Amino acid sequence: MSPLTRARHLLARAQRVAILTGAGISAESGIPTFRGPNGLWRDYRPEDLATPEAFARDPQLVWEWYMWRRALIAAAEPNAGHLALVAIEQRVTTCTLITQNVDGLHDRAGSTHIHKIHGDIWLTRCQECGYQRHDRTVVFTEVPLCPDCGARLRPGVVWFGEPLPRLVWEDAQRAVADCQVLLIAGTSAQVFPAAGLIGLASDAGAATVEINREDTFHSVGVTVSLRGLCGDLLPKLV
Ligand code: OAD
């Protein structure tokens with residue numbers, strides 16, 4: 001039996017599915033990934049742009065980088081991979097989509113149970129008070145300030161060294177511990193705690209199906225590892 005057929009059988013029998021996605025699923029929409037030959041972390045250093053310390057040091061630079069990424073994402077459309085995940089959600093009893101992506105393309109494709117464990121690039125929130133605003137059109141040319149308390153506003157994403165949003169993360173862990181199949185699509189799964197969801201699923205007895213254009217650290221440990229593009233393989237899986 002081919003790996004694709006095996007994965008299709010596993011998915012066809014499952015009623016409780018969890019899905020973990022990463023930058024690779026949005027690559028075919030034209031959004032750069034982080035690692036690999038054309039990854040963002042080749043040209044930029046995370047410690048200059050994606051940590052609380054970087055923001056404290058140079059908030060203007062950090063905002064410029066996020067405004068550049070917002071513009072790239074605004075020009076992108078969901079692709080066949082995102083759409084295939086919507087189809088999976090419609091076919092099973094429970095489907096929890098856990099994404100490390102901040103681009104909002106799963107929402108735009110039509111997925112509904114989305115857990116954004118690394119936040120949302122379209123969210124702008126206050127560093128100090130509870131103010132936040134979700135807006136896909138606003139353009140900041142200088143560091144925005146909170147209309148409620150005057151502190152700096154920051155992108156509503158999770159930076160290195162920060163905890164994940166607690167309730168979202170707890171829900172994600174629960175869904176993974178309870179699923180029959182965990183689908184892992186387009187992630188190098190090198191960043192923890194997100195990467196730990198794969199072990200959590202296996203320990204709980206779920207089958208794990210990885211889709212990635214190349215081998216990852218998890219390829220040997222998962223139940224089935226499919227080599228190829230999300231936009232090609234996910235529709236074939238469905
Ligand atoms: P990475 O850039 O680490 O990994 C992307 C993965 O997708 C790689 O394993 C690629 O081989 C694979 N890939 C690329 N294009 C693909 C395609 N079309 N089809 C299938 N696979 C493809 O991105 P993430 O794993 O999402 O966090 O990175 C995790 C986190 O690290 C991000 O959320 C971000 C980053 O630093 C923060 O900024 C906190």
# chains A, B, ... in the order shown; residues from 1 in each chain; ligands from 1
>>> residues_near_ligand(ligand="ligand 1", cutoff="7 Å", atoms="only C-alpha atoms and all ligand atoms", output="PyMOL selection string")
chain A and resi 21-25+27-28+33-36+39+50+100-101+118+158-160+185-191+211-214+216+228-231
>>> residues_around(residues="Leu11 in chain A", least_positions_apart="3", cutoff="10 Å", atoms="only C-alpha atoms", output="PyMOL selection string")
chain A and resi 5-8+14-17+88+92+180-183+207+209+237-238
>>> closest_residue(among="A:Ala109, A:Ala87, A:Ile198, A:Ile31", to="Ala75 in chain A", atoms="only C-alpha atoms")
A:Ile31
>>> residues_around(residues="Val139 in chain A", least_positions_apart="4", cutoff="12 Å", atoms="only C-alpha atoms", output="PyMOL selection string")
chain A and resi 63-64+66-71+74+122+124+135+143-144
>>> atom_distance(atom1="CA of Ser26 in chain A", atom2="CA of Val168 in chain A")
21.3 Å
>>> select_by_dssp(residues="range 3-226 of chain A", states="helix (DSSP H, G or I)", output="ChimeraX atom specification")
/A:3-13,24-27,40-43,46-49,52-57,59-74,80-91,105-109,166-178,196-203
>>> closest_residue(among="A:Gly199, A:Pro165, A:Pro46, A:Gly205", to="Gly221 in chain A", atoms="only C-alpha atoms")
A:Gly199
>>> residues_around(residues="Gly119 in chain A", least_positions_apart="5", cutoff="6 Å", atoms="only C-alpha atoms", output="ChimeraX atom specification")
/A:102,156-158
>>> residues_around(residues="Ile98 in chain A", least_positions_apart="3", cutoff="8 Å", atoms="only C-alpha atoms", output="PDB file with N, CA and C atoms, in the first residue's frame")
ATOM      1  N   ALA A  18      -7.204  16.096  14.500  1.00  0.00           N
ATOM      2  CA  ALA A  18      -6.533  17.363  14.827  1.00  0.00           C
ATOM      3  C   ALA A  18      -5.507  17.626  13.720  1.00  0.00           C
ATOM      4  N   ILE A  19      -5.275  18.896  13.463  1.00  0.00           N
ATOM      5  CA  ILE A  19      -4.361  19.277  12.378  1.00  0.00           C
ATOM      6  C   ILE A  19      -3.398  20.336  12.914  1.00  0.00           C
ATOM      7  N   LEU A  20      -2.114  20.136  12.665  1.00  0.00           N
ATOM      8  CA  LEU A  20      -1.112  21.136  13.037  1.00  0.00           C
ATOM      9  C   LEU A  20      -0.495  21.675  11.750  1.00  0.00           C
ATOM     10  N   THR A  21      -0.621  22.967  11.531  1.00  0.00           N
ATOM     11  CA  THR A  21      -0.034  23.526  10.311  1.00  0.00           C
ATOM     12  C   THR A  21       1.085  24.517  10.638  1.00  0.00           C
ATOM     13  N   ILE A 114     -10.303  27.124  14.617  1.00  0.00           N
ATOM     14  CA  ILE A 114      -8.877  27.411  14.442  1.00  0.00           C
ATOM     15  C   ILE A 114      -8.268  27.870  15.767  1.00  0.00           C
ATOM     16  N   HIS A 115      -7.179  27.231  16.137  1.00  0.00           N
ATOM     17  CA  HIS A 115      -6.442  27.642  17.335  1.00  0.00           C
ATOM     18  C   HIS A 115      -5.131  28.266  16.874  1.00  0.00           C
ATOM     19  N   LYS A 116      -5.050  29.585  17.010  1.00  0.00           N
ATOM     20  CA  LYS A 116      -3.852  30.292  16.529  1.00  0.00           C
ATOM     21  C   LYS A 116      -2.865  30.386  17.687  1.00  0.00           C
ATOM     22  N   ILE A 117      -2.009  29.388  17.787  1.00  0.00           N
ATOM     23  CA  ILE A 117      -1.159  29.331  18.978  1.00  0.00           C
ATOM     24  C   ILE A 117      -0.026  30.359  18.944  1.00  0.00           C
ATOM     25  N   ALA A 172      -5.772  23.279  22.479  1.00  0.00           N
ATOM     26  CA  ALA A 172      -5.017  22.561  21.441  1.00  0.00           C
ATOM     27  C   ALA A 172      -4.491  21.242  21.996  1.00  0.00           C
TER      28      ALA A 172
END
>>> residues_around(residues="Gln60 in chain A", least_positions_apart="6", cutoff="12 Å", atoms="only C-alpha atoms", output="ChimeraX atom specification")
/A:48-49,54,66-67,140-145,152-155
>>> select_by_dssp(residues="range 92-123 of chain A", states="strand (DSSP E)", output="PyMOL selection string")
chain A and resi 94-99+114-116+119-123
>>> atom_distance(atom1="CA of Glu77 in chain A", atom2="CA of Leu105 in chain A")
7.1 Å
